[in-house]
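Structure file entry_2.pdb with PDB, C-alpha atoms:
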ATOM      1  CA  MET A 126     122.231  34.675 172.816  1.00  0.00           C
ATOM      2  CA  PRO A 127     123.405  31.069 172.490  1.00  0.00           C
ATOM      3  CA  ARG A 128     126.308  30.167 170.244  1.00  0.00           C
ATOM      4  CA  SER A 129     125.191  29.054 166.800  1.00  0.00           C
ATOM      5  CA  VAL A 130     126.877  25.979 165.370  1.00  0.00           C
ATOM      6  CA  ASN A 131     125.839  24.357 162.137  1.00  0.00           C
ATOM      7  CA  HIS A 132     125.988  20.861 163.572  1.00  0.00           C
ATOM      8  CA  VAL A 133     124.062  19.215 160.741  1.00  0.00           C
ATOM      9  CA  ALA A 134     126.459  20.356 157.994  1.00  0.00           C
ATOM     10  CA  SER A 135     129.674  19.803 159.970  1.00  0.00           C
ATOM     11  CA  LYS A 136     128.560  16.330 161.061  1.00  0.00           C
ATOM     12  CA  ALA A 137     127.645  15.448 157.471  1.00  0.00           C
ATOM     13  CA  ARG A 138     131.024  16.681 156.262  1.00  0.00           C
ATOM     14  CA  ARG A 139     132.861  14.588 158.878  1.00  0.00           C
ATOM     15  CA  LYS A 140     130.681  11.574 158.161  1.00  0.00           C
ATOM     16  CA  LYS A 141     131.501  11.817 154.449  1.00  0.00           C
ATOM     17  CA  ILE A 142     135.262  11.690 155.131  1.00  0.00           C
ATOM     18  CA  LEU A 143     134.903   8.909 157.726  1.00  0.00           C
ATOM     19  CA  LYS A 144     132.945   6.888 155.176  1.00  0.00           C
ATOM     20  CA  LEU A 145     135.834   7.271 152.724  1.00  0.00           C
ATOM     21  CA  THR A 146     138.345   6.044 155.322  1.00  0.00           C
ATOM     22  CA  ARG A 147     136.484   2.819 156.148  1.00  0.00           C
ATOM     23  CA  GLY A 148     138.854  -0.122 156.070  1.00  0.00           C
ATOM     24  CA  TYR A 149     141.891   1.880 157.180  1.00  0.00           C
ATOM     25  CA  PHE A 150     143.896   0.579 160.145  1.00  0.00           C
ATOM     26  CA  GLY A 151     143.373   1.692 163.733  1.00  0.00           C
ATOM     27  CA  ALA A 152     142.497   5.318 164.460  1.00  0.00           C
ATOM     28  CA  ARG A 153     142.835   6.192 160.774  1.00  0.00           C
ATOM     29  CA  LYS A 154     139.270   5.003 160.221  1.00  0.00           C
ATOM     30  CA  ASN A 155     137.369   6.531 163.138  1.00  0.00           C
ATOM     31  CA  VAL A 156     139.258   9.466 164.697  1.00  0.00           C
ATOM     32  CA  TRP A 157     138.296  12.586 162.774  1.00  0.00           C
ATOM     33  CA  THR A 158     141.644  14.428 162.608  1.00  0.00           C
ATOM     34  CA  VAL A 159     143.681  11.283 161.894  1.00  0.00           C
ATOM     35  CA  ALA A 160     141.164  10.099 159.288  1.00  0.00           C
ATOM     36  CA  LYS A 161     141.107  13.494 157.568  1.00  0.00           C
ATOM     37  CA  ASN A 162     144.910  13.671 157.403  1.00  0.00           C
ATOM     38  CA  THR A 163     145.136  10.112 156.097  1.00  0.00           C
ATOM     39  CA  TRP A 164     142.494  10.764 153.452  1.00  0.00           C
ATOM     40  CA  GLU A 165     144.220  13.974 152.275  1.00  0.00           C
ATOM     41  CA  LYS A 166     147.570  12.181 152.109  1.00  0.00           C
ATOM     42  CA  GLY A 167     145.874   9.414 150.120  1.00  0.00           C
ATOM     43  CA  LEU A 168     144.747  11.977 147.565  1.00  0.00           C
ATOM     44  CA  THR A 169     148.337  13.172 147.072  1.00  0.00           C
ATOM     45  CA  TYR A 170     149.492   9.572 146.624  1.00  0.00           C
ATOM     46  CA  ALA A 171     146.700   8.995 144.109  1.00  0.00           C
ATOM     47  CA  PHE A 172     147.724  12.074 142.102  1.00  0.00           C
ATOM     48  CA  ARG A 173     151.391  11.045 142.107  1.00  0.00           C
ATOM     49  CA  ASP A 174     150.693   7.429 141.248  1.00  0.00           C
ATOM     50  CA  ARG A 175     148.432   8.249 138.302  1.00  0.00           C
ATOM     51  CA  LYS A 176     151.579   9.742 136.750  1.00  0.00           C
ATOM     52  CA  ASN A 177     153.792   6.841 137.872  1.00  0.00           C
ATOM     53  CA  LYS A 178     151.358   4.316 136.398  1.00  0.00           C
ATOM     54  CA  LYS A 179     151.935   5.759 132.928  1.00  0.00           C
ATOM     55  CA  ARG A 180     155.695   5.647 133.493  1.00  0.00           C
ATOM     56  CA  ASN A 181     155.587   2.023 134.673  1.00  0.00           C
ATOM     57  CA  PHE A 182     153.471   0.845 131.755  1.00  0.00           C
ATOM     58  CA  ARG A 183     155.761   2.548 129.229  1.00  0.00           C
ATOM     59  CA  ALA A 184     158.756   0.801 130.829  1.00  0.00           C
ATOM     60  CA  LEU A 185     156.924  -2.546 130.650  1.00  0.00           C
ATOM     61  CA  TRP A 186     156.065  -2.047 126.986  1.00  0.00           C
ATOM     62  CA  ILE A 187     159.684  -1.182 126.173  1.00  0.00           C
ATOM     63  CA  GLN A 188     160.919  -4.341 127.938  1.00  0.00           C
ATOM     64  CA  ARG A 189     158.464  -6.498 126.016  1.00  0.00           C
ATOM     65  CA  ILE A 190     159.343  -4.908 122.670  1.00  0.00           C
ATOM     66  CA  ASN A 191     163.059  -5.274 123.413  1.00  0.00           C
ATOM     67  CA  ALA A 192     162.682  -8.978 124.279  1.00  0.00           C
ATOM     68  CA  ALA A 193     160.723  -9.667 121.083  1.00  0.00           C
ATOM     69  CA  ALA A 194     163.075  -7.560 118.959  1.00  0.00           C
ATOM     70  CA  ARG A 195     166.107  -9.465 120.236  1.00  0.00           C
ATOM     71  CA  LEU A 196     164.480 -12.720 119.095  1.00  0.00           C
ATOM     72  CA  GLU A 197     164.464 -11.109 115.637  1.00  0.00           C
ATOM     73  CA  GLY A 198     168.137 -10.124 115.933  1.00  0.00           C
ATOM     74  CA  MET A 199     167.632  -6.414 116.694  1.00  0.00           C
ATOM     75  CA  SER A 200     167.862  -4.294 119.788  1.00  0.00           C
ATOM     76  CA  TYR A 201     165.014  -2.061 120.931  1.00  0.00           C
ATOM     77  CA  SER A 202     166.763   1.150 119.933  1.00  0.00           C
ATOM     78  CA  LYS A 203     167.686  -0.182 116.456  1.00  0.00           C
ATOM     79  CA  LEU A 204     164.105  -1.346 115.947  1.00  0.00           C
ATOM     80  CA  MET A 205     162.595   1.991 116.963  1.00  0.00           C
ATOM     81  CA  GLY A 206     165.064   3.824 114.750  1.00  0.00           C
ATOM     82  CA  ALA A 207     164.215   1.536 111.818  1.00  0.00           C
ATOM     83  CA  LEU A 208     160.478   2.016 112.399  1.00  0.00           C
ATOM     84  CA  HIS A 209     160.932   5.771 112.416  1.00  0.00           C
ATOM     85  CA  LYS A 210     163.029   5.640 109.236  1.00  0.00           C
ATOM     86  CA  ALA A 211     160.419   3.426 107.534  1.00  0.00           C
ATOM     87  CA  SER A 212     157.778   5.948 108.720  1.00  0.00           C
ATOM     88  CA  ILE A 213     155.801   3.209 110.453  1.00  0.00           C
ATOM     89  CA  GLU A 214     153.867   5.060 113.134  1.00  0.00           C
ATOM     90  CA  ILE A 215     152.828   2.507 115.731  1.00  0.00           C
ATOM     91  CA  ASN A 216     152.827   3.232 119.436  1.00  0.00           C
ATOM     92  CA  ARG A 217     154.658   1.188 122.041  1.00  0.00           C
ATOM     93  CA  LYS A 218     151.461  -0.117 123.636  1.00  0.00           C
ATOM     94  CA  VAL A 219     150.252  -1.713 120.400  1.00  0.00           C
ATOM     95  CA  LEU A 220     153.757  -2.899 119.491  1.00  0.00           C
ATOM     96  CA  ALA A 221     154.145  -4.610 122.874  1.00  0.00           C
ATOM     97  CA  ASP A 222     150.721  -6.235 122.492  1.00  0.00           C
ATOM     98  CA  LEU A 223     151.695  -7.551 119.076  1.00  0.00           C
ATOM     99  CA  ALA A 224     154.999  -8.837 120.463  1.00  0.00           C
ATOM    100  CA  MET A 225     153.194 -10.736 123.237  1.00  0.00           C
ATOM    101  CA  ASN A 226     150.022 -11.985 121.552  1.00  0.00           C
ATOM    102  CA  HIS A 227     150.689 -11.936 117.786  1.00  0.00           C
ATOM    103  CA  PRO A 228     154.381 -12.742 117.202  1.00  0.00           C
ATOM    104  CA  GLU A 229     153.900 -13.314 113.452  1.00  0.00           C
ATOM    105  CA  ALA A 230     152.481  -9.804 113.026  1.00  0.00           C
ATOM    106  CA  PHE A 231     155.396  -8.412 115.050  1.00  0.00           C
ATOM    107  CA  LYS A 232     157.831 -10.319 112.787  1.00  0.00           C
ATOM    108  CA  ALA A 233     156.197  -8.760 109.735  1.00  0.00           C
ATOM    109  CA  ILE A 234     156.594  -5.267 111.197  1.00  0.00           C
ATOM    110  CA  VAL A 235     160.252  -5.943 112.037  1.00  0.00           C
ATOM    111  CA  ALA A 236     160.872  -7.264 108.503  1.00  0.00           C
ATOM    112  CA  LYS A 237     159.282  -4.149 107.006  1.00  0.00           C
ATOM    113  CA  ALA A 238     161.381  -1.933 109.256  1.00  0.00           C
ATOM    114  CA  LYS A 239     164.578  -3.812 108.336  1.00  0.00           C
ATOM    115  CA  ALA A 240     163.810  -3.463 104.617  1.00  0.00           C
ATOM    116  CA  ALA A 241     163.541   0.325 104.809  1.00  0.00           C
TER     117      ALA A 241
END

Kindly return the structure encoded in the file as structure tokens.
Amino acid sequence: MPRSVNHVASKARRKKILKLTRGYFGARKNVWTVAKNTWEKGLTYAFRDRKNKKRNFRALWIQRINAAARLEGMSYSKLMGALHKASIEINRKVLADLAMNHPEAFKAIVAKAKAA
């Protein structure tokens, strides 16, 4: 009896991965084993960097808030402490956006925090 291989399914599976690796350099795009390994490694990088993206944005927001707070004569840590004491619950993303795009609104928040 001849050996049975499910060529249709295995070829489709390989084709799917090779389609995902289009645009990669050299053998990474067209040699099955290299392409598969590259694609799997890419998934691990994607998982890791989804976490790092959040970390990087938080760091950026803190830098922007700190720069704007120093123009108002406060450091970042003093400002955040004052906001907490004044029970002003505003996240860093919104605070950084206000500092960049609406400086007068940021000044009002800082003044309210200083008063408390």

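Closest approach to Phe150 in chain A from the set A:Asn181, A:Val130, A:Thr163, A:Met199 is made by A:Thr163, with distances taken over only C-alpha atoms.
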
Need the shell around range 146-149 of chain A: protein/DNA/RNA residues with any atom at most 8 Å away, counting only C-alpha atoms. Skip same-chain ones fewer than 4 positions apart. Format as a VMD selection string? chain A and resid 142 153 to 155 160 163 to 164

Suppose a student applies the PyMOL selection byres ((chain A and resi 205-222) around 9) to this structure; what residues should they get, written as a ChimeraX atom specification? /A:182-183,185-191,193,200-204,223-227,231,234-235,237-241

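Taking CA of Tyr170 in chain A and CA of Ala134 in chain A as the two end points, the separation is 27.9 Å.
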
Work out how far apart CA of Ala194 in chain A and CA of Asn177 in chain A are and give it in Å to one decimal. 25.5 Å

Residue nearest Arg139 in chain A - candidates A:Met126, A:Ala230, A:Val159, A:Ala192, atoms counted: all atoms listed in the file: A:Val159

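When CA of Gly167 in chain A is paired with CA of Asn131 in chain A, their separation reads 27.7 Å.
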